[in-house]
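Visitor: Shown below is the structure under consideration.
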Amino acid sequence: MPVITPFRRSPRPSDDAPDDPDTPAAAGPAPLENLRTRLAHWRSWRTRHPRAALVVRRVTTAFSAILVLGSLLLPNTLVALEPNRFARIPGEAVVAAVLLLCLPRVPRLVAAALFGTALGALTVLNLLDMGFTEYLGRSFNLVLDWGLLDDAQSFVADAMGGAAATWAAVGAVVLAVLLLVLMALAAVRLGELLAAHRERAARGALMAATVWMTSAALGVQTFGVPLATTSASKAARAQAHRVVDTLRDEAAFAKEAKADRFGGTPGDQLVPDLRGKDMIFTFIESYGRSAIEDPVMAPGVGRTLDASTASLAKAGFHARSGWLTSATYGGSSWLGHSTFLSGLWVDNQQRYRTVTSGDHLTLTKAFEKTGDWDTVGVMPGVQKAWPEADWYGLDKVYDAFDVGYRGPKFSWSTMPDQYALEAFQRLEHGRKRDRPLMAEVILTSSHQPWAPIPRMVGWDEVGDGSVYDGIEASGVKASDIITDSTRSKEEYGRSIQYSVTSLTQWLERYGTDDTVLVFLGDHQPLARVSGDGASRDVPVSIVAKDPKVLDAIDDWNWTEGLEPAKDAPVWRMSAFRDRFLTAYGSTPHPTKG
């Protein structure tokens with residue numbers, strides 16, 4: 001009898017199941033399982049390679065400790081960046097260790113991560129302080145200075161090229177992010193290590209605290225510095241105080257800017273003793289006291305000043321010179337310009353914005369207010385909109401694009417000083433006019449990085465600037481001197497010689513019996529050139545043919561000639577405006593703050 005096999009129904013597929021097993025939904029769990037498998041395999045390497053895992057753990061721990069301790073001990077200036085600074089006990093590390101030992105796991109992780117992130121941020125600020133101190137002679141201002149980072153990138157682009165500037169900017173951002181992340185991970189790593197060895201860690205923290213307090217009380221030193229330190233806390237407090245002081249200063253300075261000794265003086269009572277004179281106020285970029293007194297630069301600059309004084313005397317011009325203490329150092333030239341012309345101490349960007357948005361009388365605007373002068377500005381460094389022209393009282397401004405220059409840039413400087421002055425002569429000073437001229441002229445050839453530097457050509461050869469093509473191409477490259485202090489000093493000195501020669505030759509060639517020139521430096525060059533601890537003094541000179549112009553400042557006791565004596569009077573740059581207005585017959589009509 002045949003065996004009958006019972007019929008079995010095939011399982012009915014679910015309505016939700018895909019018809020095709022090769023569809024993405026069917027294949028979905030496989031990648032997830034593969035990922036889990038790979039992660040499990042990666043984690044198990046410590047079991048499979050215990051010696052390698054031990055080495056990695058120890059290296060990671062050592063790196064974390066070095067990173068955290070190094071950041072706690074990191075100074076905020078390059079001068080202080082010495083090995084002995086890292087042979088100390090940071091009090092913050094002792095306190096942090098005790099706190100982490102007292103916390104349960106989750107709060108400990110959070111606290112460690114926050115501590116590490118804060119330490120990373122402080123490290124970034126310390127590095128910024130180093131850069132700002134090196135270039136601008138002051139610390140980074142957390143409120144005001146972020147905008148200057150764009151200027152720093154532009155400087156690198158001019159000195160090293162656009163690609164280098166881009167990579168430098170990217171590298172700086174990456175470094176800042178890495179410091180935040182790695183510092184947080186390092187603090188978490190050390191916190192977990194403390195918790196894993198709680199008893200030994202507690203004893204070690206107690207010993208460290210005892211040594212720290214004893215060293216602090218007794219003033220114990222190692223390698224010439226105190227063994228116990230709270231440098232990180234001090235740096236954080238300094239940053240906080242700087243922010244608070246900046247915010248307070250805004251209101252105080254706004255009130256100060258409203259008070260003006262000559263703010264209410266009618267136009268007909270301003271500078272009456274200079275009526276009919278062509279007044280020219282000229283700033284020479286980075287022309288500082290170091291150019292005249294530093295042994296590397298002084299010989300060449302001194303010869304140029306002596307020769308220029310003699311040449312001007314032959315042309316009938318005589319000079320008096322003194323010193324002014326600039327409100328800025330190493331850069332931010334606009335702070336020096338506004339301080340000199342406003343009579344206010346404008347030493348940061350916030351003050352600059354406050355004063356330029358108000359109606360405080362500038363020295364240049366005083367001439368406009370009289371109605372007796374045409375007022376112009378020659379600004380070869382300006383390459384974008386410049387609304388400050390109204391505050392300075394300038395009827396017309398010639399920027400980098402308005403003077404017809406067709407030659408090459410010289411690093412940061414858009415054109416040689418000789419060309420800018422010749423263009424000023426062609427466009428304004430040499431024109432027939434119904435009223436005398438008051439001009440503000442900014443000379444930029446002595447702007448860092450001082451390579452390549454233009455050289456003098458025949459004034460009749462200046463043309464549209466094409467003559468400078470070969471001069472720029474054969475000049476020293478910025479990248480060759482930017483890290484060499486001695487060469488930077490030498491090239492800086494040559495740039496000052498060039499700028500002074502350009503200006504004085506222009507005056508000899510085009511000056512008249514009614515020309516009065518006031519010229520000065522806006523600030524000292526950066527510390528790599530002027531030296532650590534250099535003053536902020538800059539030379540200032542008044543040059544004229546009319547003896548009455550110089551007789552009016554006899555009581556200033558300035559030095560005859562273009563080179564001020566070492567013991568010549570030193571004034572704050574903000575004092576010049578009122579002294580000048582007073583010397584030339586202006587009547588004070590004060591306004592209150």
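Scheme for the structure tokens: letters A, B, ... for chains in order shown; per-chain residue numbers from 1; ligand numbers from 1 in order shown.
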When you look at Asp129 (chain A) with a cut-off of 6 Å (counting only C-alpha atoms), what residues show up, excluding the ones that are within fewer than 2 positions of it in the same chain? I need them as an MDAnalysis selection string.

Guide: chainID A and resid 76 126:127 131:133 139:140

Visitor: Please report the interatomic distance between CA of Phe115 (chain A) and CA of Ala209 (chain A) in Å with one decimal.

Guide: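 Calculated distance between CA of Phe115 (chain A) and CA of Ala209 (chain A) is 19.0 Å.
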
Visitor: Work out how far CA of Thr325 (chain A) is from CA of Tyr135 (chain A), in Å to one decimal.

Guide: 17.4 Å

Visitor: Write out as CSV a residue-level contact list of region 152-268 of chain A versus region 351-374 of chain A with cut-off 7 Å: for each qualifying residue the closest pair of atoms and the distance in Å to one decimal, counting only C-alpha atoms, rows sorted by chain and residue number upward.

Guide:
```
residue,atom,partner,partner_atom,distance
A:Glu250,CA,A:Arg351,CA,6.9
A:Phe253,CA,A:Arg351,CA,6.9
A:Ala254,CA,A:Thr354,CA,6.4
A:Ala257,CA,A:His360,CA,6.3
A:Lys258,CA,A:His360,CA,6.5
A:Asp260,CA,A:His360,CA,7.0
A:Gly263,CA,A:Leu361,CA,5.9
A:Gly267,CA,A:Thr370,CA,3.9
A:Asp268,CA,A:Thr370,CA,5.6
```

Visitor: Let's see if you can do this: from backbone DSSP, list all alpha helix (DSSP H) residues in region 58-116 of chain A, as a compact mmCIF listing (two decimals) with all heavy atoms, in the first residue's frame.

Guide:
```txt
# COMPACT_ATOMS: atom_id res chain seq x y z
N ARG A 58 49.71 53.79 29.13
CA ARG A 58 50.70 54.60 29.82
C ARG A 58 51.09 55.85 29.01
O ARG A 58 51.26 56.94 29.57
CB ARG A 58 51.93 53.75 30.12
CG ARG A 58 51.67 52.71 31.22
CD ARG A 58 52.89 51.85 31.48
NE ARG A 58 52.66 50.95 32.60
CZ ARG A 58 53.52 50.02 32.99
NH1 ARG A 58 54.67 49.86 32.34
NH2 ARG A 58 53.23 49.24 34.02
N VAL A 59 51.24 55.67 27.72
CA VAL A 59 51.58 56.82 26.86
C VAL A 59 50.44 57.84 26.87
O VAL A 59 50.66 59.06 26.97
CB VAL A 59 51.88 56.36 25.42
CG1 VAL A 59 51.96 57.56 24.48
CG2 VAL A 59 53.18 55.57 25.37
N THR A 60 49.20 57.34 26.78
CA THR A 60 48.05 58.24 26.80
C THR A 60 47.96 59.00 28.12
O THR A 60 47.71 60.21 28.15
CB THR A 60 46.75 57.45 26.57
OG1 THR A 60 46.83 56.75 25.34
CG2 THR A 60 45.55 58.38 26.54
N THR A 61 48.20 58.29 29.20
CA THR A 61 48.17 58.93 30.52
C THR A 61 49.28 59.98 30.65
O THR A 61 49.05 61.09 31.13
CB THR A 61 48.32 57.88 31.63
OG1 THR A 61 47.24 56.93 31.52
CG2 THR A 61 48.29 58.53 33.00
N ALA A 62 50.48 59.61 30.21
CA ALA A 62 51.60 60.56 30.29
C ALA A 62 51.33 61.78 29.42
O ALA A 62 51.59 62.93 29.85
CB ALA A 62 52.89 59.87 29.85
N PHE A 63 50.80 61.56 28.22
CA PHE A 63 50.49 62.67 27.33
C PHE A 63 49.42 63.57 27.95
O PHE A 63 49.51 64.80 27.89
CB PHE A 63 50.01 62.14 25.98
CG PHE A 63 49.60 63.22 25.02
CD1 PHE A 63 50.54 64.01 24.38
CD2 PHE A 63 48.25 63.46 24.76
CE1 PHE A 63 50.15 65.01 23.50
CE2 PHE A 63 47.86 64.46 23.89
CZ PHE A 63 48.82 65.23 23.25
N SER A 64 48.41 62.97 28.56
CA SER A 64 47.35 63.75 29.21
C SER A 64 47.92 64.59 30.34
O SER A 64 47.57 65.77 30.50
CB SER A 64 46.26 62.81 29.74
OG SER A 64 45.65 62.09 28.68
N ALA A 65 48.80 63.99 31.16
CA ALA A 65 49.39 64.72 32.27
C ALA A 65 50.26 65.88 31.77
O ALA A 65 50.20 67.00 32.30
CB ALA A 65 50.22 63.77 33.14
N ILE A 66 51.06 65.61 30.73
CA ILE A 66 51.91 66.66 30.16
C ILE A 66 51.06 67.79 29.60
O ILE A 66 51.35 68.98 29.79
CB ILE A 66 52.83 66.07 29.08
CG1 ILE A 66 53.87 65.14 29.72
CG2 ILE A 66 53.51 67.18 28.28
CD1 ILE A 66 54.68 64.36 28.71
N LEU A 67 49.99 67.42 28.92
CA LEU A 67 49.13 68.42 28.29
C LEU A 67 48.47 69.31 29.34
O LEU A 67 48.49 70.54 29.24
CB LEU A 67 48.05 67.72 27.45
CG LEU A 67 47.31 68.55 26.41
CD1 LEU A 67 48.28 69.10 25.37
CD2 LEU A 67 46.24 67.69 25.72
N VAL A 68 47.92 68.69 30.38
CA VAL A 68 47.22 69.46 31.41
C VAL A 68 48.20 70.31 32.23
O VAL A 68 48.01 71.51 32.43
CB VAL A 68 46.40 68.53 32.32
CG1 VAL A 68 45.88 69.29 33.54
CG2 VAL A 68 45.24 67.92 31.54
N LEU A 69 49.27 69.68 32.72
CA LEU A 69 50.24 70.42 33.52
C LEU A 69 50.94 71.51 32.70
O LEU A 69 51.18 72.62 33.19
CB LEU A 69 51.27 69.46 34.12
CG LEU A 69 50.73 68.50 35.19
CD1 LEU A 69 51.82 67.52 35.61
CD2 LEU A 69 50.21 69.27 36.39
N GLY A 70 51.27 71.18 31.47
CA GLY A 70 51.91 72.17 30.61
C GLY A 70 51.02 73.38 30.37
O GLY A 70 51.48 74.52 30.38
N SER A 71 49.72 73.14 30.20
CA SER A 71 48.78 74.25 29.99
C SER A 71 48.61 75.08 31.24
O SER A 71 48.49 76.31 31.18
CB SER A 71 47.43 73.69 29.54
OG SER A 71 47.55 73.01 28.32
N LEU A 72 48.59 74.41 32.40
CA LEU A 72 48.48 75.14 33.66
C LEU A 72 49.69 76.03 33.92
O LEU A 72 49.58 77.08 34.57
CB LEU A 72 48.29 74.17 34.82
CG LEU A 72 46.92 73.48 34.93
CD1 LEU A 72 46.96 72.37 35.96
CD2 LEU A 72 45.83 74.50 35.29
N LEU A 73 50.85 75.63 33.42
CA LEU A 73 52.09 76.36 33.68
C LEU A 73 52.51 77.27 32.52
O LEU A 73 53.50 77.98 32.62
CB LEU A 73 53.22 75.38 33.99
CG LEU A 73 53.03 74.55 35.27
CD1 LEU A 73 54.09 73.46 35.35
CD2 LEU A 73 53.09 75.44 36.51
N GLY A 91 48.91 75.06 41.71
CA GLY A 91 47.90 74.86 42.75
C GLY A 91 46.57 74.42 42.17
O GLY A 91 45.81 73.67 42.81
N GLU A 92 46.27 74.83 40.94
CA GLU A 92 45.00 74.45 40.31
C GLU A 92 44.91 72.94 40.10
O GLU A 92 43.82 72.35 40.21
CB GLU A 92 44.84 75.17 38.97
CG GLU A 92 44.84 76.68 39.05
CD GLU A 92 46.22 77.29 39.00
OE1 GLU A 92 47.21 76.50 38.97
OE2 GLU A 92 46.34 78.52 38.96
N ALA A 93 46.06 72.31 39.82
CA ALA A 93 46.05 70.86 39.62
C ALA A 93 45.72 70.13 40.93
O ALA A 93 44.99 69.14 40.94
CB ALA A 93 47.41 70.39 39.09
N VAL A 94 46.25 70.62 42.05
CA VAL A 94 45.99 70.00 43.35
C VAL A 94 44.51 70.13 43.71
O VAL A 94 43.85 69.16 44.11
CB VAL A 94 46.86 70.66 44.44
CG1 VAL A 94 46.54 70.05 45.81
CG2 VAL A 94 48.34 70.49 44.11
N VAL A 95 43.96 71.33 43.53
CA VAL A 95 42.54 71.56 43.84
C VAL A 95 41.65 70.70 42.95
O VAL A 95 40.68 70.08 43.41
CB VAL A 95 42.20 73.05 43.69
CG1 VAL A 95 40.69 73.27 43.85
CG2 VAL A 95 42.96 73.87 44.71
N ALA A 96 41.96 70.65 41.65
CA ALA A 96 41.15 69.86 40.72
C ALA A 96 41.19 68.38 41.07
O ALA A 96 40.16 67.69 41.02
CB ALA A 96 41.66 70.07 39.28
N ALA A 97 42.36 67.88 41.47
CA ALA A 97 42.47 66.46 41.83
C ALA A 97 41.60 66.14 43.05
O ALA A 97 40.89 65.12 43.08
CB ALA A 97 43.92 66.10 42.11
N VAL A 98 41.62 67.00 44.05
CA VAL A 98 40.81 66.78 45.25
C VAL A 98 39.32 66.80 44.91
O VAL A 98 38.54 65.95 45.36
CB VAL A 98 41.14 67.85 46.31
CG1 VAL A 98 40.16 67.75 47.49
CG2 VAL A 98 42.57 67.69 46.79
N LEU A 99 38.90 67.74 44.12
CA LEU A 99 37.49 67.84 43.75
C LEU A 99 37.03 66.62 42.96
O LEU A 99 35.95 66.07 43.20
CB LEU A 99 37.25 69.12 42.94
CG LEU A 99 37.35 70.44 43.71
CD1 LEU A 99 37.18 71.61 42.76
CD2 LEU A 99 36.29 70.49 44.81
N LEU A 100 37.84 66.18 42.00
CA LEU A 100 37.46 65.02 41.20
C LEU A 100 37.38 63.76 42.04
O LEU A 100 36.55 62.88 41.80
CB LEU A 100 38.45 64.84 40.05
CG LEU A 100 38.43 65.93 38.96
CD1 LEU A 100 39.51 65.67 37.92
CD2 LEU A 100 37.06 65.99 38.29
N LEU A 101 38.25 63.63 43.03
CA LEU A 101 38.21 62.46 43.91
C LEU A 101 36.93 62.43 44.76
O LEU A 101 36.48 61.35 45.16
CB LEU A 101 39.43 62.46 44.83
CG LEU A 101 40.75 62.03 44.20
CD1 LEU A 101 41.91 62.31 45.13
CD2 LEU A 101 40.71 60.54 43.83
N CYS A 102 36.35 63.57 45.02
CA CYS A 102 35.17 63.65 45.87
C CYS A 102 33.86 63.41 45.11
O CYS A 102 32.81 63.23 45.73
CB CYS A 102 35.09 65.01 46.56
SG CYS A 102 36.45 65.32 47.71
N ARG A 105 30.77 59.20 39.65
CA ARG A 105 31.29 59.05 38.29
C ARG A 105 30.74 60.09 37.31
O ARG A 105 31.51 60.78 36.64
CB ARG A 105 30.98 57.65 37.77
CG ARG A 105 31.63 57.38 36.41
CD ARG A 105 31.52 55.93 35.99
NE ARG A 105 32.30 55.67 34.81
CZ ARG A 105 31.91 55.92 33.56
NH1 ARG A 105 30.70 56.44 33.35
NH2 ARG A 105 32.69 55.66 32.53
N VAL A 106 29.43 60.21 37.19
CA VAL A 106 28.88 61.11 36.17
C VAL A 106 29.26 62.57 36.43
O VAL A 106 29.76 63.26 35.54
CB VAL A 106 27.35 60.93 36.06
CG1 VAL A 106 26.76 61.99 35.11
CG2 VAL A 106 27.01 59.54 35.55
N PRO A 107 29.04 63.10 37.65
CA PRO A 107 29.50 64.48 37.89
C PRO A 107 30.99 64.65 37.70
O PRO A 107 31.46 65.71 37.26
CB PRO A 107 29.11 64.71 39.37
CG PRO A 107 27.99 63.78 39.62
CD PRO A 107 28.32 62.56 38.81
N ARG A 108 31.77 63.59 38.00
CA ARG A 108 33.22 63.67 37.81
C ARG A 108 33.56 63.83 36.33
O ARG A 108 34.41 64.63 35.96
CB ARG A 108 33.89 62.42 38.39
CG ARG A 108 35.41 62.46 38.28
CD ARG A 108 36.06 61.25 38.93
NE ARG A 108 35.75 60.01 38.24
CZ ARG A 108 34.99 59.04 38.74
NH1 ARG A 108 34.47 59.17 39.94
NH2 ARG A 108 34.74 57.94 38.05
N LEU A 109 32.89 63.05 35.49
CA LEU A 109 33.14 63.14 34.05
C LEU A 109 32.80 64.54 33.53
O LEU A 109 33.54 65.13 32.74
CB LEU A 109 32.33 62.08 33.31
CG LEU A 109 32.76 60.62 33.51
CD1 LEU A 109 31.77 59.69 32.85
CD2 LEU A 109 34.16 60.40 32.94
N VAL A 110 31.65 65.04 33.98
CA VAL A 110 31.22 66.38 33.52
C VAL A 110 32.20 67.44 34.00
O VAL A 110 32.63 68.31 33.25
CB VAL A 110 29.80 66.68 34.03
CG1 VAL A 110 29.42 68.14 33.69
CG2 VAL A 110 28.79 65.73 33.40
N ALA A 111 32.57 67.37 35.30
CA ALA A 111 33.48 68.37 35.85
C ALA A 111 34.84 68.32 35.16
O ALA A 111 35.44 69.36 34.85
CB ALA A 111 33.65 68.15 37.35
N ALA A 112 35.35 67.11 34.91
CA ALA A 112 36.64 66.98 34.24
C ALA A 112 36.60 67.54 32.83
O ALA A 112 37.51 68.24 32.39
CB ALA A 112 37.07 65.51 34.23
N ALA A 113 35.50 67.24 32.11
CA ALA A 113 35.37 67.74 30.75
C ALA A 113 35.30 69.27 30.72
O ALA A 113 35.93 69.93 29.89
CB ALA A 113 34.15 67.14 30.08
N LEU A 114 34.54 69.86 31.66
CA LEU A 114 34.44 71.31 31.72
C LEU A 114 35.77 71.96 32.10
O LEU A 114 36.18 72.98 31.53
CB LEU A 114 33.36 71.71 32.72
CG LEU A 114 31.91 71.40 32.32
CD1 LEU A 114 30.96 71.75 33.46
CD2 LEU A 114 31.53 72.15 31.05
N PHE A 115 36.46 71.34 33.07
CA PHE A 115 37.77 71.85 33.48
C PHE A 115 38.75 71.82 32.31
O PHE A 115 39.48 72.78 32.04
CB PHE A 115 38.31 71.02 34.64
CG PHE A 115 39.72 71.34 35.02
CD1 PHE A 115 40.04 72.50 35.71
CD2 PHE A 115 40.77 70.48 34.68
CE1 PHE A 115 41.35 72.81 36.07
CE2 PHE A 115 42.07 70.77 35.02
CZ PHE A 115 42.37 71.94 35.72
N GLY A 116 38.76 70.70 31.59
CA GLY A 116 39.67 70.58 30.45
C GLY A 116 39.34 71.57 29.35
O GLY A 116 40.25 72.17 28.76
```

Visitor: Write out as a ChimeraX atom specification the residues lying within 6 Å of region 333-342 of chain A, counting only C-alpha atoms and excluding same-chain residues fewer than 6 positions away.

Guide: /A:326-327,362-363,522,573-574

Visitor: Those residues you just picked out, can you put them in a file as a JSON list (two decimals), in the first residue's frame with N, CA, C and O atoms?

Guide:
```
[["chain", "number", "residue", "atom", "x", "y", "z"],
["A", 326, "SER", "N", 53.33, 107.32, 21.72],
["A", 326, "SER", "CA", 52.17, 106.86, 20.96],
["A", 326, "SER", "C", 51.22, 106.04, 21.82],
["A", 326, "SER", "O", 51.62, 105.39, 22.79],
["A", 327, "ALA", "N", 49.94, 106.05, 21.44],
["A", 327, "ALA", "CA", 48.94, 105.25, 22.14],
["A", 327, "ALA", "C", 48.95, 103.80, 21.68],
["A", 327, "ALA", "O", 48.26, 102.97, 22.27],
["A", 362, "THR", "N", 38.86, 117.31, 15.61],
["A", 362, "THR", "CA", 40.19, 116.85, 15.26],
["A", 362, "THR", "C", 41.01, 118.04, 14.76],
["A", 362, "THR", "O", 40.47, 119.07, 14.34],
["A", 363, "LEU", "N", 42.32, 117.88, 14.79],
["A", 363, "LEU", "CA", 43.20, 118.95, 14.34],
["A", 363, "LEU", "C", 42.95, 119.26, 12.86],
["A", 363, "LEU", "O", 42.92, 120.43, 12.45],
["A", 522, "ASP", "N", 53.79, 106.99, 13.57],
["A", 522, "ASP", "CA", 52.54, 106.67, 14.25],
["A", 522, "ASP", "C", 52.75, 105.73, 15.44],
["A", 522, "ASP", "O", 51.98, 105.74, 16.39],
["A", 573, "MET", "N", 51.14, 111.61, 23.03],
["A", 573, "MET", "CA", 50.69, 112.01, 21.69],
["A", 573, "MET", "C", 49.37, 112.79, 21.74],
["A", 573, "MET", "O", 49.12, 113.67, 20.91],
["A", 574, "SER", "N", 48.54, 112.49, 22.72],
["A", 574, "SER", "CA", 47.25, 113.17, 22.84],
["A", 574, "SER", "C", 47.39, 114.63, 23.24],
["A", 574, "SER", "O", 46.44, 115.41, 23.15]]
```

Visitor: Find the residues near Ala451 (chain A): any atom within 10 Å, counting only C-alpha atoms, skip ones fewer than 4 places away on the same chain, and give them as a list in words.

Guide: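 After dropping sequence-adjacent residues, the list is Ala159, Phe410, Ser411, Trp412, Ser413, Ser445, Ser446, His447, Glu472, Gly475, Val476, Lys477, Ala478, Ser479, Asp480, Ile481, Ile482, Ser488, Glu491, Tyr492, Arg494 and Ser495 of chain A.
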
Visitor: If you run DSSP over the backbone, which residues in region 424-543 of chain A end up strand (DSSP E)? Put them as number ranges by chain.

Guide: A: 437-443, 515-521, 537-543

Visitor: Those selected residues, please, written with N, CA and C atoms and delivered as a short mmCIF file (atom, residue, chain, number, x, y, z; two decimals), in the first residue's frame.

Guide:
```cif
data_model
loop_
_atom_site.label_atom_id
_atom_site.label_comp_id
_atom_site.auth_asym_id
_atom_site.auth_seq_id
_atom_site.Cartn_x
_atom_site.Cartn_y
_atom_site.Cartn_z
N LEU A 437 45.76 124.89 1.16
CA LEU A 437 45.45 123.46 1.27
C LEU A 437 45.85 122.95 2.65
N MET A 438 45.00 122.11 3.23
CA MET A 438 45.36 121.34 4.42
C MET A 438 45.24 119.87 4.03
N ALA A 439 46.33 119.11 4.19
CA ALA A 439 46.33 117.71 3.75
C ALA A 439 46.84 116.81 4.86
N GLU A 440 46.23 115.64 4.96
CA GLU A 440 46.73 114.55 5.79
C GLU A 440 47.26 113.48 4.85
N VAL A 441 48.54 113.15 4.98
CA VAL A 441 49.20 112.20 4.08
C VAL A 441 49.76 111.04 4.91
N ILE A 442 49.43 109.82 4.49
CA ILE A 442 49.93 108.63 5.17
C ILE A 442 50.95 107.95 4.26
N LEU A 443 52.18 107.80 4.73
CA LEU A 443 53.22 107.12 3.96
C LEU A 443 53.40 105.70 4.50
N THR A 515 54.50 126.78 2.75
CA THR A 515 54.30 125.38 3.09
C THR A 515 54.77 125.11 4.52
N VAL A 516 53.92 124.46 5.31
CA VAL A 516 54.27 124.04 6.66
C VAL A 516 54.03 122.53 6.75
N LEU A 517 55.08 121.81 7.07
CA LEU A 517 55.00 120.34 7.15
C LEU A 517 55.15 119.90 8.61
N VAL A 518 54.21 119.10 9.06
CA VAL A 518 54.31 118.43 10.36
C VAL A 518 54.35 116.94 10.06
N PHE A 519 55.45 116.28 10.45
CA PHE A 519 55.48 114.84 10.21
C PHE A 519 56.00 114.08 11.43
N LEU A 520 55.54 112.85 11.55
CA LEU A 520 55.84 112.05 12.74
C LEU A 520 55.63 110.58 12.43
N GLY A 521 56.11 109.73 13.34
CA GLY A 521 55.80 108.32 13.27
C GLY A 521 54.49 108.04 13.99
N ASP A 537 57.82 105.82 22.22
CA ASP A 537 58.08 107.17 21.71
C ASP A 537 58.32 107.16 20.20
N VAL A 538 57.85 108.23 19.56
CA VAL A 538 58.08 108.43 18.12
C VAL A 538 58.57 109.86 17.90
N PRO A 539 59.38 110.08 16.85
CA PRO A 539 59.83 111.44 16.54
C PRO A 539 58.71 112.25 15.90
N VAL A 540 58.74 113.56 16.14
CA VAL A 540 57.81 114.48 15.49
C VAL A 540 58.58 115.73 15.12
N SER A 541 58.31 116.27 13.93
CA SER A 541 59.04 117.45 13.44
C SER A 541 58.06 118.44 12.81
N ILE A 542 58.37 119.71 12.95
CA ILE A 542 57.66 120.78 12.24
C ILE A 542 58.69 121.48 11.36
N VAL A 543 58.38 121.61 10.06
CA VAL A 543 59.31 122.18 9.08
C VAL A 543 58.62 123.33 8.36
#
```

Visitor: Find the spatial neighbours of Ala307 (chain A), counting only C-alpha atoms, within a cut-off of 12 Å - ignore same-chain residues fewer than 3 positions away - and output them as a count of residues only.

Guide: 18

Visitor: Give me the residues within 7 Å of Gly465 (chain A) as a VMD selection string, counting only C-alpha atoms and dropping any in the same chain fewer than 5 places off.

Guide: chain A and resid 405 to 407 419

Visitor: Can you tell me which residues surround region 393-401 of chain A at a distance of at most 7 Å, considering only C-alpha atoms, apart from same-chain residues fewer than 2 positions away, and format the answer as a CSV table (one decimal) with N, CA, C and O atoms, in the first residue's frame?

Guide:
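The resulting file, result-v8.csv, is shown below:
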```csv
chain,number,residue,atom,x,y,z
A,364,THR,N,42.7,118.2,12.1
A,364,THR,CA,42.5,118.5,10.6
A,364,THR,C,41.1,119.1,10.4
A,364,THR,O,40.9,120.0,9.6
A,365,LYS,N,40.1,118.7,11.3
A,365,LYS,CA,38.8,119.3,11.1
A,365,LYS,C,38.8,120.8,11.5
A,365,LYS,O,37.9,121.6,11.1
A,368,GLU,N,39.2,122.7,8.5
A,368,GLU,CA,38.0,122.7,7.7
A,368,GLU,C,36.9,123.7,8.3
A,368,GLU,O,36.2,124.4,7.6
A,375,THR,N,40.5,120.8,2.2
A,375,THR,CA,41.1,119.7,3.1
A,375,THR,C,41.0,118.4,2.3
A,375,THR,O,40.0,118.0,1.7
A,376,VAL,N,42.2,117.7,2.2
A,376,VAL,CA,42.2,116.5,1.5
A,376,VAL,C,43.0,115.4,2.3
A,376,VAL,O,43.8,115.8,3.2
A,377,GLY,N,42.8,114.2,1.9
A,377,GLY,CA,43.6,113.1,2.5
A,377,GLY,C,44.2,112.2,1.5
A,377,GLY,O,43.6,111.9,0.5
A,378,VAL,N,45.5,111.8,1.6
A,378,VAL,CA,46.1,110.9,0.7
A,378,VAL,C,46.4,109.6,1.5
A,378,VAL,O,47.3,109.6,2.4
A,379,MET,N,45.6,108.6,1.2
A,379,MET,CA,45.6,107.4,2.0
A,379,MET,C,45.9,106.1,1.2
A,379,MET,O,45.0,105.4,0.8
A,380,PRO,N,47.1,105.9,0.8
A,380,PRO,CA,47.4,104.8,-0.1
A,380,PRO,C,47.2,103.4,0.6
A,380,PRO,O,47.1,102.4,-0.1
A,381,GLY,N,47.1,103.4,1.9
A,381,GLY,CA,46.8,102.1,2.6
A,381,GLY,C,45.3,101.8,2.7
A,381,GLY,O,44.9,100.7,3.1
A,382,VAL,N,44.4,102.7,2.3
A,382,VAL,CA,43.0,102.5,2.4
A,382,VAL,C,42.5,101.8,1.1
A,382,VAL,O,42.7,102.4,0.0
A,383,GLN,N,41.9,100.6,1.3
A,383,GLN,CA,41.5,99.9,0.1
A,383,GLN,C,40.0,99.5,0.2
A,383,GLN,O,39.5,98.6,-0.5
A,389,ALA,N,36.5,109.7,7.2
A,389,ALA,CA,36.9,110.9,6.5
A,389,ALA,C,36.1,112.1,7.0
A,389,ALA,O,36.7,113.2,7.1
A,390,ASP,N,34.8,111.9,7.2
A,390,ASP,CA,34.0,113.1,7.7
A,390,ASP,C,34.4,113.5,9.1
A,390,ASP,O,34.5,114.7,9.3
A,391,TRP,N,34.8,112.6,9.9
A,391,TRP,CA,35.2,112.9,11.3
A,391,TRP,C,36.5,113.7,11.2
A,391,TRP,O,36.7,114.6,12.0
A,403,VAL,N,44.8,107.2,-7.3
A,403,VAL,CA,46.0,108.0,-7.6
A,403,VAL,C,46.6,107.5,-8.9
A,403,VAL,O,47.7,107.9,-9.3
A,404,GLY,N,46.0,106.6,-9.6
A,404,GLY,CA,46.5,106.1,-10.9
A,404,GLY,C,47.7,105.3,-10.9
A,404,GLY,O,48.5,105.2,-11.9
A,414,THR,N,50.8,99.5,-0.8
A,414,THR,CA,50.2,99.4,-2.1
A,414,THR,C,51.1,100.1,-3.1
A,414,THR,O,50.9,99.9,-4.3
```

Visitor: From the options A:Lys566, A:Ile284, A:Asp551, A:Met297, which residue's atoms come nearest to Arg487 (chain A), counting only C-alpha atoms?

Guide: A:Met297
